[in-house]
$ cat protein.tsv   # TSV, C-alpha atoms
chain	number	residue	atom	x	y	z
M	239	MET	CA	18.52	16.15	-30.54
M	240	LYS	CA	15.22	14.28	-30.50
M	241	LEU	CA	13.28	12.44	-27.79
M	242	VAL	CA	10.37	10.12	-28.55
M	243	CYS	CA	8.26	9.27	-25.51
M	244	SER	CA	4.85	9.76	-23.94
M	245	ILE	CA	4.20	13.51	-23.53
M	246	GLU	CA	1.43	15.51	-21.91
M	247	VAL	CA	1.14	19.28	-22.36
M	248	PHE	CA	-0.59	20.86	-19.38
M	249	HIS	CA	-1.77	24.47	-19.64
M	250	ARG	CA	-1.42	25.88	-16.14
M	251	HIS	CA	-3.90	28.74	-16.65
M	252	LEU	CA	-6.63	26.38	-17.84
M	253	THR	CA	-6.93	24.87	-14.37
M	254	PHE	CA	-9.10	27.86	-13.47
M	255	VAL	CA	-11.39	27.41	-16.48
M	256	PRO	CA	-14.42	25.16	-15.83
M	257	ASN	CA	-15.16	22.12	-18.01
M	258	ILE	CA	-11.59	22.00	-19.35
M	259	ARG	CA	-10.07	18.52	-19.09
M	260	ARG	CA	-6.44	17.59	-19.24
M	261	ARG	CA	-5.45	15.86	-22.43
M	262	LYS	CA	-4.19	12.33	-22.08
M	263	PRO	CA	-0.48	11.71	-22.70
M	264	GLN	CA	0.33	10.46	-26.18
M	265	GLN	CA	3.37	9.21	-28.04
M	266	SER	CA	5.16	12.35	-29.26
M	267	CYS	CA	8.49	13.64	-30.53
M	268	LEU	CA	10.28	16.49	-28.76
M	269	ALA	CA	13.21	18.00	-30.69
M	270	LEU	CA	15.85	20.52	-29.61
M	271	GLY	CA	17.51	22.64	-32.29
M	272	ARG	CA	17.90	25.92	-34.22
M	273	GLN	CA	15.75	27.45	-36.93
M	274	SER	CA	18.61	28.63	-39.16
M	275	VAL	CA	22.38	28.58	-39.53
M	276	LYS	CA	22.75	32.20	-38.42
M	277	SER	CA	20.38	31.96	-35.48
M	278	GLU	CA	21.69	31.14	-32.00
M	279	ASP	CA	18.22	30.84	-30.52
M	280	VAL	CA	17.33	27.31	-29.44
M	281	TYR	CA	13.78	25.99	-29.72
M	282	LEU	CA	11.79	22.95	-28.66
M	283	LEU	CA	9.62	21.40	-31.39
M	284	LEU	CA	6.79	19.17	-30.15
M	285	GLN	CA	5.07	16.85	-32.62
M	286	THR	CA	2.12	14.56	-31.93
M	287	GLN	CA	-0.02	12.23	-34.01
M	288	THR	CA	-2.68	14.95	-34.25
M	289	ASN	CA	-0.24	17.83	-34.78
M	290	LYS	CA	2.36	16.53	-37.22
M	291	VAL	CA	3.61	20.00	-38.20
M	292	GLY	CA	4.54	20.58	-34.58
M	293	THR	CA	4.52	23.43	-32.08
M	294	LYS	CA	7.67	25.45	-31.34
M	295	PHE	CA	8.65	26.72	-27.90
M	296	LYS	CA	11.50	29.13	-27.33
M	297	VAL	CA	14.19	27.87	-24.92
M	298	ASN	CA	16.39	30.92	-24.23
M	299	ASN	CA	15.16	32.74	-21.11
M	300	ASN	CA	11.89	30.83	-21.33
M	301	ILE	CA	12.42	27.75	-19.12
M	302	GLU	CA	11.16	28.43	-15.61
M	303	LYS	CA	12.18	25.10	-14.10
M	304	LEU	CA	13.04	21.46	-14.82
M	305	PHE	CA	11.40	18.93	-12.50
M	306	THR	CA	13.55	15.79	-12.29
M	307	ARG	CA	12.69	14.31	-8.89
M	308	CYS	CA	11.11	11.23	-10.53
M	309	ILE	CA	13.70	10.91	-13.31
M	310	ASP	CA	14.69	7.40	-12.16
M	311	GLU	CA	11.09	6.35	-12.80
M	312	GLY	CA	11.29	7.75	-16.33
M	313	LYS	CA	9.31	10.91	-15.52
M	314	ALA	CA	10.24	14.61	-15.81
M	315	THR	CA	8.63	17.98	-16.48
M	316	ILE	CA	9.77	21.05	-18.45
M	317	ARG	CA	8.00	24.21	-17.22
M	318	LEU	CA	7.82	27.03	-19.75
M	319	ILE	CA	7.21	30.70	-18.99
M	320	GLU	CA	5.54	31.62	-22.27
M	321	PRO	CA	3.19	30.03	-23.05
M	322	PRO	CA	2.52	28.94	-19.43
M	323	VAL	CA	2.60	25.18	-20.03
M	324	ASP	CA	4.20	22.15	-18.42
M	325	ILE	CA	5.61	19.53	-20.79
M	326	ASN	CA	5.35	16.24	-18.87
M	327	LEU	CA	7.65	13.49	-20.13
M	328	GLN	CA	7.36	9.78	-19.47
M	329	GLY	CA	9.50	7.10	-21.09
M	330	ASP	CA	12.96	5.55	-21.03
M	331	LYS	CA	14.86	7.18	-18.17
M	332	LEU	CA	18.24	7.11	-19.94
M	333	GLN	CA	16.89	8.85	-23.03
M	334	ILE	CA	15.09	11.48	-20.95
M	335	LYS	CA	18.22	12.09	-18.85
M	336	SER	CA	20.34	12.58	-21.99
M	337	PHE	CA	17.83	15.00	-23.50
M	338	LEU	CA	17.54	17.07	-20.31
M	339	ASN	CA	21.31	17.18	-19.87
M	340	VAL	CA	21.69	18.81	-23.29
M	341	LEU	CA	18.81	21.17	-22.49
M	342	LYS	CA	20.50	22.19	-19.21
M	343	LEU	CA	23.75	22.93	-21.02
M	344	CYS	CA	21.84	25.16	-23.45
M	345	LEU	CA	20.23	27.02	-20.56
M	346	GLN	CA	23.62	27.52	-18.91
M	347	LYS	CA	25.07	28.64	-22.29
M	348	LYS	CA	27.72	25.95	-22.03
M	349	TYR	CA	26.59	24.24	-25.22
M	350	ASP	CA	27.41	25.60	-28.67
M	351	PRO	CA	24.09	26.00	-30.55
M	352	ALA	CA	25.93	25.37	-33.81
M	353	ILE	CA	26.41	21.75	-32.74
M	354	LEU	CA	22.66	21.19	-32.69
M	355	ASN	CA	21.57	19.68	-35.98
M	356	LEU	CA	19.26	21.99	-37.97
M	357	SER	CA	17.27	18.97	-39.11
M	358	ASN	CA	16.08	18.52	-35.56
M	359	LEU	CA	13.47	21.21	-36.19
M	360	THR	CA	12.23	19.49	-39.33
M	361	PRO	CA	8.92	17.71	-38.70
M	362	LYS	CA	9.41	14.00	-38.25
M	363	ILE	CA	7.05	11.27	-39.41
M	364	LEU	CA	5.76	9.69	-36.21
M	365	LYS	CA	5.14	6.00	-36.11
M	366	ALA	CA	1.96	4.59	-34.66
M	367	THR	CA	2.00	4.22	-30.91
M	368	PRO	CA	3.45	0.78	-30.16
M	369	LYS	CA	1.39	-1.65	-28.13
M	370	THR	CA	2.31	-1.99	-24.50
M	371	THR	CA	0.30	-5.20	-23.99
M	372	LEU	CA	1.74	-8.40	-25.45
M	373	VAL	CA	-0.28	-11.63	-25.49
M	374	ILE	CA	1.45	-14.79	-26.73
M	375	LYS	CA	-0.89	-17.73	-27.31
M	376	LYS	CA	1.15	-19.80	-29.77
M	377	LYS	CA	4.72	-21.02	-29.68
M	378	SER	CA	5.15	-19.74	-33.24
M	379	ASP	CA	4.40	-16.19	-31.99
M	380	TYR	CA	7.11	-16.27	-29.33
M	381	PRO	CA	9.78	-13.57	-30.03
M	382	VAL	CA	12.81	-15.81	-29.66
M	383	LEU	CA	15.24	-13.70	-31.71
M	384	GLU	CA	13.91	-10.14	-31.47
M	385	GLY	CA	12.95	-10.34	-27.78
M	386	PHE	CA	10.12	-8.49	-26.05
M	387	PRO	CA	9.50	-4.78	-26.73
M	388	ARG	CA	11.17	-2.79	-23.94
M	389	ILE	CA	8.03	-0.70	-23.44
M	390	THR	CA	5.87	-3.74	-22.59
M	391	VAL	CA	3.60	-3.03	-19.63
M	392	GLU	CA	1.53	-6.23	-19.71
M	393	LEU	CA	2.96	-9.58	-20.77
M	394	HIS	CA	0.80	-12.71	-21.07
M	395	ILE	CA	2.54	-16.01	-21.87
M	396	VAL	CA	-0.20	-18.55	-21.20
M	397	ASN	CA	-0.46	-22.28	-21.87
M	398	LEU	CA	2.74	-22.66	-23.89
M	399	GLN	CA	4.10	-25.53	-21.78
M	400	ARG	CA	7.24	-23.56	-20.96
M	401	LYS	CA	9.49	-25.30	-18.43
M	402	SER	CA	11.66	-22.34	-17.46
M	403	PHE	CA	11.43	-18.61	-16.88
M	404	ASP	CA	12.63	-16.50	-19.83
M	405	ARG	CA	15.28	-14.13	-18.45
M	406	GLN	CA	14.51	-11.67	-21.27
M	407	ILE	CA	11.54	-10.65	-19.14
M	408	LEU	CA	13.95	-9.13	-16.61
M	409	LYS	CA	14.81	-6.41	-19.14
M	410	LEU	CA	11.25	-5.07	-19.15
M	411	GLN	CA	11.62	-2.14	-16.77
M	412	SER	CA	8.05	-0.88	-17.40
M	413	LEU	CA	6.38	-4.24	-16.74
M	414	ARG	CA	3.37	-4.03	-14.43
M	415	VAL	CA	1.44	-7.23	-15.20
M	416	LEU	CA	3.12	-10.60	-15.80
M	417	ASN	CA	0.96	-13.64	-16.57
M	418	LEU	CA	2.77	-16.99	-16.86
M	419	SER	CA	-0.23	-19.21	-16.07
M	420	GLU	CA	-0.69	-22.74	-17.43
M	421	ASN	CA	2.95	-23.59	-18.02
M	422	LEU	CA	5.44	-26.02	-16.44
M	423	ILE	CA	7.63	-23.50	-14.60
M	424	THR	CA	9.19	-24.77	-11.35
M	425	SER	CA	10.98	-21.63	-10.12
M	426	LEU	CA	11.59	-17.93	-10.74
M	427	PRO	CA	14.99	-16.17	-10.65
M	428	ALA	CA	15.75	-13.89	-7.71
M	429	GLU	CA	15.93	-10.90	-10.09
M	430	VAL	CA	12.14	-10.95	-10.51
M	431	GLY	CA	12.00	-9.23	-7.13
M	432	ASN	CA	13.93	-6.29	-8.59
M	433	LEU	CA	11.47	-5.46	-11.40
M	434	PRO	CA	10.71	-1.83	-10.53
M	435	HIS	CA	6.99	-1.62	-11.35
M	436	LEU	CA	5.58	-5.17	-11.19
M	437	GLN	CA	2.13	-5.05	-9.57
M	438	GLU	CA	0.37	-8.25	-10.67
M	439	LEU	CA	1.96	-11.69	-10.98
M	440	TYR	CA	-0.09	-14.65	-12.26
M	441	LEU	CA	1.58	-18.05	-11.85
M	442	ALA	CA	-1.45	-20.36	-11.64
M	443	ASP	CA	-1.25	-23.90	-13.01
M	444	ASN	CA	2.52	-24.31	-12.91
M	445	GLN	CA	4.80	-26.59	-10.85
M	446	LEU	CA	6.31	-24.20	-8.33
M	447	GLY	CA	5.61	-26.68	-5.53
M	448	LYS	CA	8.37	-28.94	-6.86
M	449	SER	CA	11.10	-26.40	-6.14
M	450	PRO	CA	12.75	-26.08	-2.69
M	451	ILE	CA	12.10	-23.10	-0.45
M	452	SER	CA	15.51	-21.71	-1.46
M	453	LYS	CA	14.07	-21.03	-4.93
M	454	TRP	CA	11.58	-18.48	-3.59
M	455	THR	CA	14.17	-15.76	-2.97
M	456	TRP	CA	12.47	-13.50	-5.54
M	457	MET	CA	10.07	-12.59	-2.73
M	458	ASN	CA	12.98	-10.90	-0.94
M	459	GLY	CA	13.31	-8.17	-3.59
M	460	ILE	CA	12.83	-4.65	-2.27
M	461	ASN	CA	10.79	-3.55	-5.30
M	462	ILE	CA	8.37	-6.46	-5.31
M	463	SER	CA	7.83	-6.15	-1.56
M	464	ARG	CA	6.59	-2.59	-2.05
M	465	ASN	CA	4.77	-2.76	-5.38
M	466	LEU	CA	3.19	-6.21	-5.79
M	467	ARG	CA	-0.59	-6.01	-5.34
M	468	LEU	CA	-1.78	-9.37	-6.66
M	469	LEU	CA	-0.16	-12.82	-6.50
M	470	ASN	CA	-1.84	-15.89	-7.98
M	471	LEU	CA	-0.26	-19.25	-7.03
M	472	CYS	CA	-3.29	-21.49	-7.56
M	473	SER	CA	-2.79	-25.12	-8.66
M	474	ASN	CA	0.97	-25.37	-8.16
M	475	GLN	CA	1.24	-28.47	-5.93
M	476	ILE	CA	2.55	-26.26	-3.11
M	477	PHE	CA	2.96	-28.01	0.24
M	478	LYS	CA	4.40	-25.07	2.18
M	479	VAL	CA	3.93	-21.36	1.60
M	480	PRO	CA	7.33	-19.60	1.90
M	481	ASP	CA	7.80	-17.50	5.03
M	482	GLN	CA	9.06	-14.69	2.77
M	483	ILE	CA	5.48	-14.00	1.73
M	484	GLY	CA	5.24	-11.88	4.87
M	485	LYS	CA	7.59	-9.39	3.18
M	486	LEU	CA	5.12	-8.55	0.42
M	487	HIS	CA	3.75	-5.56	2.33
M	488	GLY	CA	1.86	-4.10	-0.65
M	489	LEU	CA	-0.10	-7.32	-1.32
M	490	VAL	CA	-3.87	-6.84	-1.62
M	491	SER	CA	-4.97	-10.12	-3.25
M	492	LEU	CA	-3.44	-13.56	-2.61
M	493	TYR	CA	-4.68	-16.68	-4.40
M	494	LEU	CA	-3.53	-20.10	-3.13
M	495	THR	CA	-6.50	-22.26	-4.17
M	496	ASN	CA	-6.07	-25.94	-5.09
M	497	ASN	CA	-2.71	-26.76	-3.53
M	498	LYS	CA	-1.59	-29.10	-0.72
M	499	ILE	CA	-1.01	-26.52	2.01
M	500	SER	CA	-1.51	-27.72	5.58
M	501	ALA	CA	-0.60	-24.45	7.33
M	502	LEU	CA	-0.21	-20.79	6.40
M	503	PRO	CA	2.80	-18.83	7.67
M	504	GLN	CA	2.23	-16.53	10.63
M	505	GLY	CA	3.60	-13.67	8.52
M	506	ILE	CA	0.22	-13.46	6.76
M	507	GLY	CA	-0.91	-11.26	9.62
M	508	ASN	CA	1.87	-8.80	8.83
M	509	LEU	CA	0.28	-7.97	5.45
M	510	LYS	CA	-1.70	-4.91	6.52
M	511	ASN	CA	-2.98	-4.21	2.98
M	512	LEU	CA	-4.28	-7.75	2.36
M	513	LYS	CA	-8.01	-7.76	1.53
M	514	PHE	CA	-8.64	-10.89	-0.55
M	515	LEU	CA	-7.33	-14.32	0.53
M	516	MET	CA	-8.33	-17.45	-1.39
M	517	VAL	CA	-7.10	-20.74	0.12
M	518	ALA	CA	-9.87	-23.15	-0.90
M	519	LYS	CA	-9.15	-26.81	-1.76
M	520	ASN	CA	-6.10	-27.29	0.47
M	521	LYS	CA	-5.35	-29.31	3.62
M	522	LEU	CA	-5.53	-26.56	6.21
M	523	LEU	CA	-6.12	-27.67	9.81
M	524	THR	CA	-5.94	-24.22	11.40
M	525	LEU	CA	-5.38	-20.60	10.45
M	526	PRO	CA	-2.56	-18.39	11.77
M	527	GLY	CA	-3.56	-16.36	14.80
M	528	SER	CA	-1.87	-13.30	13.32
M	529	MET	CA	-4.88	-12.97	11.00
M	530	LYS	CA	-6.64	-11.35	13.96
M	531	ASN	CA	-4.44	-8.33	13.24
M	532	ILE	CA	-5.91	-7.70	9.77
M	533	ARG	CA	-9.40	-7.21	8.34
M	534	LEU	CA	-10.17	-8.98	5.06
M	535	SER	CA	-12.85	-8.05	2.56
M	536	GLU	CA	-13.20	-11.62	1.28
M	537	LEU	CA	-11.94	-15.00	2.51
M	538	ASP	CA	-12.43	-18.39	0.83
M	539	VAL	CA	-11.44	-21.38	2.99
M	540	SER	CA	-13.86	-23.94	1.54
M	541	ASP	CA	-12.84	-27.57	1.03
M	542	ASN	CA	-10.25	-27.80	3.80
M	543	ALA	CA	-9.88	-30.23	6.71
M	544	PHE	CA	-10.13	-27.80	9.64
M	545	GLN	CA	-9.90	-29.15	13.17
M	546	MET	CA	-12.88	-28.11	15.27
M	547	ARG	CA	-11.54	-29.09	18.67
M	548	CYS	CA	-8.44	-27.88	20.43
M	549	ASP	CA	-5.91	-30.50	21.49
M	550	SER	CA	-4.31	-29.08	24.63
M	551	THR	CA	-1.27	-31.30	24.18
M	552	LEU	CA	-0.29	-29.24	21.13
M	553	CYS	CA	-0.03	-26.03	23.16
M	554	SER	CA	3.40	-25.02	24.42
M	555	SER	CA	5.10	-22.33	26.44
M	556	ASP	CA	8.66	-21.05	26.23
M	557	VAL	CA	8.70	-17.67	27.96
M	558	LYS	CA	12.16	-16.34	28.74
M	559	VAL	CA	14.18	-13.16	28.67
M	560	PRO	CA	14.54	-12.10	25.01
M	561	SER	CA	18.06	-12.25	23.63
M	562	LEU	CA	19.75	-9.29	21.91
M	563	VAL	CA	19.14	-11.03	18.60
M	564	ASP	CA	15.42	-11.27	19.38
M	565	LEU	CA	15.20	-7.62	20.41
M	566	THR	CA	16.99	-6.48	17.27
M	567	ALA	CA	14.84	-8.72	15.07
M	568	ARG	CA	11.71	-7.21	16.61
M	569	VAL	CA	12.84	-3.72	15.63
M	570	VAL	CA	13.57	-4.83	12.05
M	571	VAL	CA	10.12	-6.39	11.66
M	572	LYS	CA	8.13	-3.65	13.39
M	573	LYS	CA	9.77	-0.87	11.35
M	574	ARG	CA	9.57	-2.97	8.18
M	575	MET	CA	13.25	-2.45	7.48
M	576	TYR	CA	14.53	-4.11	4.33
M	577	TYR	CA	17.00	-6.96	4.80
M	578	ASP	CA	18.47	-9.77	2.74
M	579	ALA	CA	21.56	-11.99	2.63
M	580	SER	CA	23.65	-9.18	1.14
M	581	ILE	CA	23.12	-7.11	4.31
M	582	ILE	CA	23.01	-9.65	7.14
M	583	PRO	CA	24.00	-13.36	7.38
M	584	TYR	CA	21.64	-15.76	5.64
M	585	THR	CA	20.91	-17.56	8.92
M	586	LEU	CA	19.57	-14.31	10.38
M	587	VAL	CA	17.45	-13.74	7.27
M	588	CYS	CA	15.76	-17.11	7.81
M	589	TYR	CA	15.44	-16.38	11.54
M	590	ILE	CA	13.56	-13.12	10.93
M	591	ASP	CA	11.44	-14.59	8.12
M	592	LYS	CA	10.09	-17.25	10.51
M	593	ALA	CA	8.76	-14.68	12.99
M	594	ASN	CA	5.48	-15.51	14.72
M	595	TYR	CA	3.10	-12.72	15.68
M	596	CYS	CA	1.34	-12.06	18.95
M	597	LEU	CA	-2.27	-10.87	18.85
M	598	CYS	CA	-0.95	-7.51	20.04
M	599	GLY	CA	1.08	-7.31	16.82
M	600	MET	CA	4.48	-7.91	18.42
M	601	PRO	CA	6.75	-10.36	16.55
M	602	CYS	CA	7.79	-13.42	18.60
M	603	PHE	CA	11.03	-15.35	18.17
M	604	GLY	CA	12.69	-17.44	20.89
M	605	SER	CA	10.24	-16.41	23.63
M	606	PHE	CA	6.51	-17.10	23.21
M	607	ILE	CA	3.40	-18.96	24.38
M	608	GLN	CA	1.53	-21.04	21.82
M	609	LYS	CA	-2.21	-21.63	22.20
M	610	PHE	CA	-5.10	-22.67	19.98
M	611	MET	CA	-8.30	-20.67	20.18
M	612	PRO	CA	-11.57	-20.84	18.20
M	613	VAL	CA	-12.73	-17.85	16.18
M	614	ASN	CA	-15.74	-17.00	14.07
M	615	LEU	CA	-14.47	-16.09	10.62
M	616	SER	CA	-16.82	-13.13	10.47
M	617	ASP	CA	-14.52	-11.53	13.06
M	618	ILE	CA	-11.68	-11.28	10.55
M	619	THR	CA	-13.47	-10.87	7.20
M	620	ASN	CA	-16.49	-9.13	5.71
M	621	ALA	CA	-17.41	-12.03	3.43
M	622	VAL	CA	-16.49	-15.69	3.90
M	623	LYS	CA	-16.93	-18.85	1.85
M	624	PHE	CA	-16.78	-22.01	3.94
M	625	THR	CA	-18.18	-25.52	3.43
M	626	ASP	CA	-18.70	-26.09	7.17
M	627	ARG	CA	-19.43	-23.85	10.11
M	628	ASN	CA	-17.78	-20.46	10.31
M	629	ASP	CA	-15.80	-21.47	13.41
M	630	VAL	CA	-12.16	-22.52	12.97
M	631	LEU	CA	-9.13	-22.80	15.21
M	632	LEU	CA	-6.40	-20.17	15.18
M	633	GLU	CA	-2.83	-21.14	16.00
M	634	CYS	CA	-1.98	-18.19	18.23
M	635	TYR	CA	1.33	-17.00	19.64
M	636	PHE	CA	1.68	-14.63	22.59
M	637	CYS	CA	4.76	-12.57	23.33
M	638	SER	CA	4.18	-12.55	27.12
M	639	ILE	CA	2.08	-14.02	29.92
M	640	LYS	CA	0.25	-10.68	30.11
M	641	CYS	CA	-0.85	-10.87	26.46
M	642	CYS	CA	-1.84	-14.51	26.85
M	643	ALA	CA	-4.06	-13.68	29.83
M	644	LYS	CA	-5.56	-10.68	28.03
M	645	TYR	CA	-6.43	-12.27	24.68
M	646	TYR	CA	-6.78	-15.98	25.42
M	647	SER	CA	-9.09	-15.56	28.40
M	648	SER	CA	-11.32	-13.16	26.46
M	649	SER	CA	-11.91	-15.81	23.82
$ encode --input "protein.tsv" --output "structure tokens"
Amino acid sequence: MKLVCSIEVFHRHLTFVPNIRRRKPQQSCLALGRQSVKSEDVYLLLQTQTNKVGTKFKVNNNIEKLFTRCIDEGKATIRLIEPPVDINLQGDKLQIKSFLNVLKLCLQKKYDPAILNLSNLTPKILKATPKTTLVIKKKSDYPVLEGFPRITVELHIVNLQRKSFDRQILKLQSLRVLNLSENLITSLPAEVGNLPHLQELYLADNQLGKSPISKWTWMNGINISRNLRLLNLCSNQIFKVPDQIGKLHGLVSLYLTNNKISALPQGIGNLKNLKFLMVAKNKLLTLPGSMKNIRLSELDVSDNAFQMRCDSTLCSSDVKVPSLVDLTARVVVKKRMYYDASIIPYTLVCYIDKANYCLCGMPCFGSFIQKFMPVNLSDITNAVKFTDRNDVLLECYFCSIKCCAKYYSSS
């Protein structure tokens, strides 16, 4: 049996030797088989691009442990006793699982060695390491029939005037960077939120603003909420930023430049990892008060129509005893529990998504006090780009009279 994947051989004893660096993983072939017809001893044969003859490792009574905790991420480790090395595997999780299952049966002596093909220990000609970055600049280069390579880590489909999302992309389980800029895409399927490793999503210069809020359900995905670090939605004719953006807890950089946004959702303040926020060239009148709960490294709010004076008639108060629904929703938000329409009713999903945030960090639902207060942008960011003064109004919500007196009076 043979397994082709990315393999790193780590010599455990060399960690104590100075100036010895770990070798980078490389595309390799790991085979499991016998040396001869009469022999019952099973060996591992490891071949790399630099060692095409291969190195043999005895299996019988020589495997100290198999590490499979991260097998669902396509990672595993075979620890050998002699020589004292760890064979670190990374690749397709199904292929690695199949290979390790056969190896376990050999270790438990529940697998007949005669079944293992002798040719497995014959050196195999390794192909060149396939590219994991795919850049498509012409329509003629688009892989319509053959599809995208399953090992693709970065996919760039830029300026091809595509009107729809290609669902073949959903099969790319190793995808980390997806660039669909400069197309005509109006919506993404909900399954985008389930891509297990997606970290950067570039959607600039599309037409996502033409789709209803119901088409933004991909932000509800549990994987994208944890892993996404960068989201670029510049130049998309967006009038309203979806409330679900507050679920993208891993987000570090958010680009919303050159849209038609008049207000940002209060959930922005729930993004504790957010450091870069670009909202230039929009129609913002105020900023959400919840931004007082985070500290940005860079903020660009130039070319907006900020109000500089507070209109007291816009303030409101609706303080009452919180309902059981409100109390439960607070727990869900504070503990960052995952929820979607498959777990709770869709109406409750929308209810929680629309949470406002008090300056104390408490989510507000049916009971709150709304006030507008001025703030110097240097209080919430290290670097700011603004075409006017650095003072803007924050639309603040308070969960109680006590919080309102504490924060509003201090301003």
$ closest_residue --input "protein.tsv" --among "M:Phe248, M:Tyr595, M:Tyr349, M:Tyr380" --to "Leu318 (chain M)" --atoms "only C-alpha atoms"
M:Phe248
$ residues_near_point --input "protein.tsv" --point "(-8.1, -9.3, 5.8)" --cutoff "8 Å" --atoms "only C-alpha atoms" --output "list in words"
Lys510, Asn511, Leu512, Lys513, Phe514, Leu515, Met529, Ile532, Arg533, Leu534, Ser535, Glu536, Leu537, Ile618 and Thr619 of chain M
$ atom_distance --input "protein.tsv" --atom1 "CA of Arg405 (chain M)" --atom2 "CA of Phe477 (chain M)"
26.3 Å
$ atom_distance --input "protein.tsv" --atom1 "CA of Asp578 (chain M)" --atom2 "CA of Val479 (chain M)"
18.6 Å
$ atom_distance --input "protein.tsv" --atom1 "CA of Gln445 (chain M)" --atom2 "CA of Gly505 (chain M)"
23.3 Å
$ closest_residue --input "protein.tsv" --among "M:His249, M:Lys348, M:Lys521, M:Lys369" --to "Asp324 (chain M)" --atoms "all atoms listed in the file"
M:His249
$ residues_around --input "protein.tsv" --residues "Val587 (chain M)" --least-positions-apart "4" --cutoff "10 Å" --atoms "only C-alpha atoms" --output "list in words"
Asn458, Gln482, Ala567, Tyr577, Asp578, Ala579, Ser580, Ile581, Ile582, Pro583, Asp591 and Lys592 of chain M
$ residues_near_point --input "protein.tsv" --point "(14.7, 9.5, -16.9)" --cutoff "9 Å" --atoms "all atoms listed in the file" --output "ChimeraX atom specification"
/M:306,308-314,327-336,338
$ closest_residue --input "protein.tsv" --among "M:Asn339, M:Ile319, M:Ile395, M:Gly604" --to "Val563 (chain M)" --atoms "all atoms listed in the file"
M:Gly604
$ residues_around --input "protein.tsv" --residues "Ser463 (chain M)" --least-positions-apart "5" --cutoff "10 Å" --atoms "all atoms listed in the file" --output "list of chain:residue names"
M:Gly431, M:Asn432, M:Leu436, M:Gln437, M:Trp456, M:Met457, M:Asn458, M:Gln482, M:Ile483, M:Gly484, M:Lys485, M:Leu486, M:His487, M:Gly488, M:Leu489, M:Tyr576
$ closest_residue --input "protein.tsv" --among "M:Pro450, M:Pro427, M:Pro321, M:Gly599" --to "Ile476 (chain M)" --atoms "only C-alpha atoms"
M:Pro450
$ axis_aligned_box --input "protein.tsv" --around "region 505-513 of chain M" --padding-each-side "5 Å" --output "JSON"
{"center_x": -2.2, "center_y": -8.9, "center_z": 5.6, "size_x": 21.6, "size_y": 19.5, "size_z": 18.1}
$ residues_around --input "protein.tsv" --residues "region 280-292 of chain M" --least-positions-apart "6" --cutoff "6 Å" --atoms "only C-alpha atoms" --output "PyMOL selection string"
chain M and resi 266-272+361
$ residues_around --input "protein.tsv" --residues "region 552-557 of chain M" --least-positions-apart "3" --cutoff "8 Å" --atoms "all atoms listed in the file" --output "list in words"
Asp549, Gly604, Ser605, Phe606, Ile607, Gln608, Lys609, Phe610, Cys637, Ser638 and Ile639 of chain M
$ closest_residue --input "protein.tsv" --among "M:Cys598, M:Val242, M:Val490, M:Leu413" --to "Leu372 (chain M)" --atoms "all atoms listed in the file"
M:Leu413
$ decode --input "protein.tsv" --residues "region 400-410 of chain M" --atoms "N, CA and C atoms" --output "short mmCIF file (atom, residue, chain, number, x, y, z; two decimals), in the first residue's frame"
data_model
loop_
_atom_site.label_atom_id
_atom_site.label_comp_id
_atom_site.auth_asym_id
_atom_site.auth_seq_id
_atom_site.Cartn_x
_atom_site.Cartn_y
_atom_site.Cartn_z
N ARG M 400 -17.32 36.77 -14.26
CA ARG M 400 -18.20 35.67 -13.86
C ARG M 400 -19.40 36.22 -13.10
N LYS M 401 -20.59 35.67 -13.41
CA LYS M 401 -21.82 36.14 -12.79
C LYS M 401 -22.28 35.28 -11.62
N SER M 402 -21.68 34.12 -11.47
CA SER M 402 -22.10 33.21 -10.40
C SER M 402 -20.89 32.53 -9.77
N PHE M 403 -21.10 32.06 -8.58
CA PHE M 403 -20.06 31.33 -7.84
C PHE M 403 -19.97 29.90 -8.36
N ASP M 404 -18.76 29.44 -8.64
CA ASP M 404 -18.54 28.08 -9.14
C ASP M 404 -18.54 27.11 -7.95
N ARG M 405 -19.53 26.23 -7.88
CA ARG M 405 -19.66 25.32 -6.75
C ARG M 405 -18.55 24.27 -6.70
N GLN M 406 -17.75 24.16 -7.76
CA GLN M 406 -16.59 23.28 -7.70
C GLN M 406 -15.61 23.72 -6.61
N ILE M 407 -15.63 25.00 -6.29
CA ILE M 407 -14.73 25.54 -5.27
C ILE M 407 -15.01 24.91 -3.91
N LEU M 408 -16.24 24.50 -3.69
CA LEU M 408 -16.63 23.92 -2.40
C LEU M 408 -15.94 22.58 -2.13
N LYS M 409 -15.37 21.97 -3.16
CA LYS M 409 -14.69 20.69 -3.00
C LYS M 409 -13.24 20.85 -2.54
N LEU M 410 -12.75 22.09 -2.50
CA LEU M 410 -11.36 22.34 -2.17
C LEU M 410 -11.20 22.44 -0.65
#
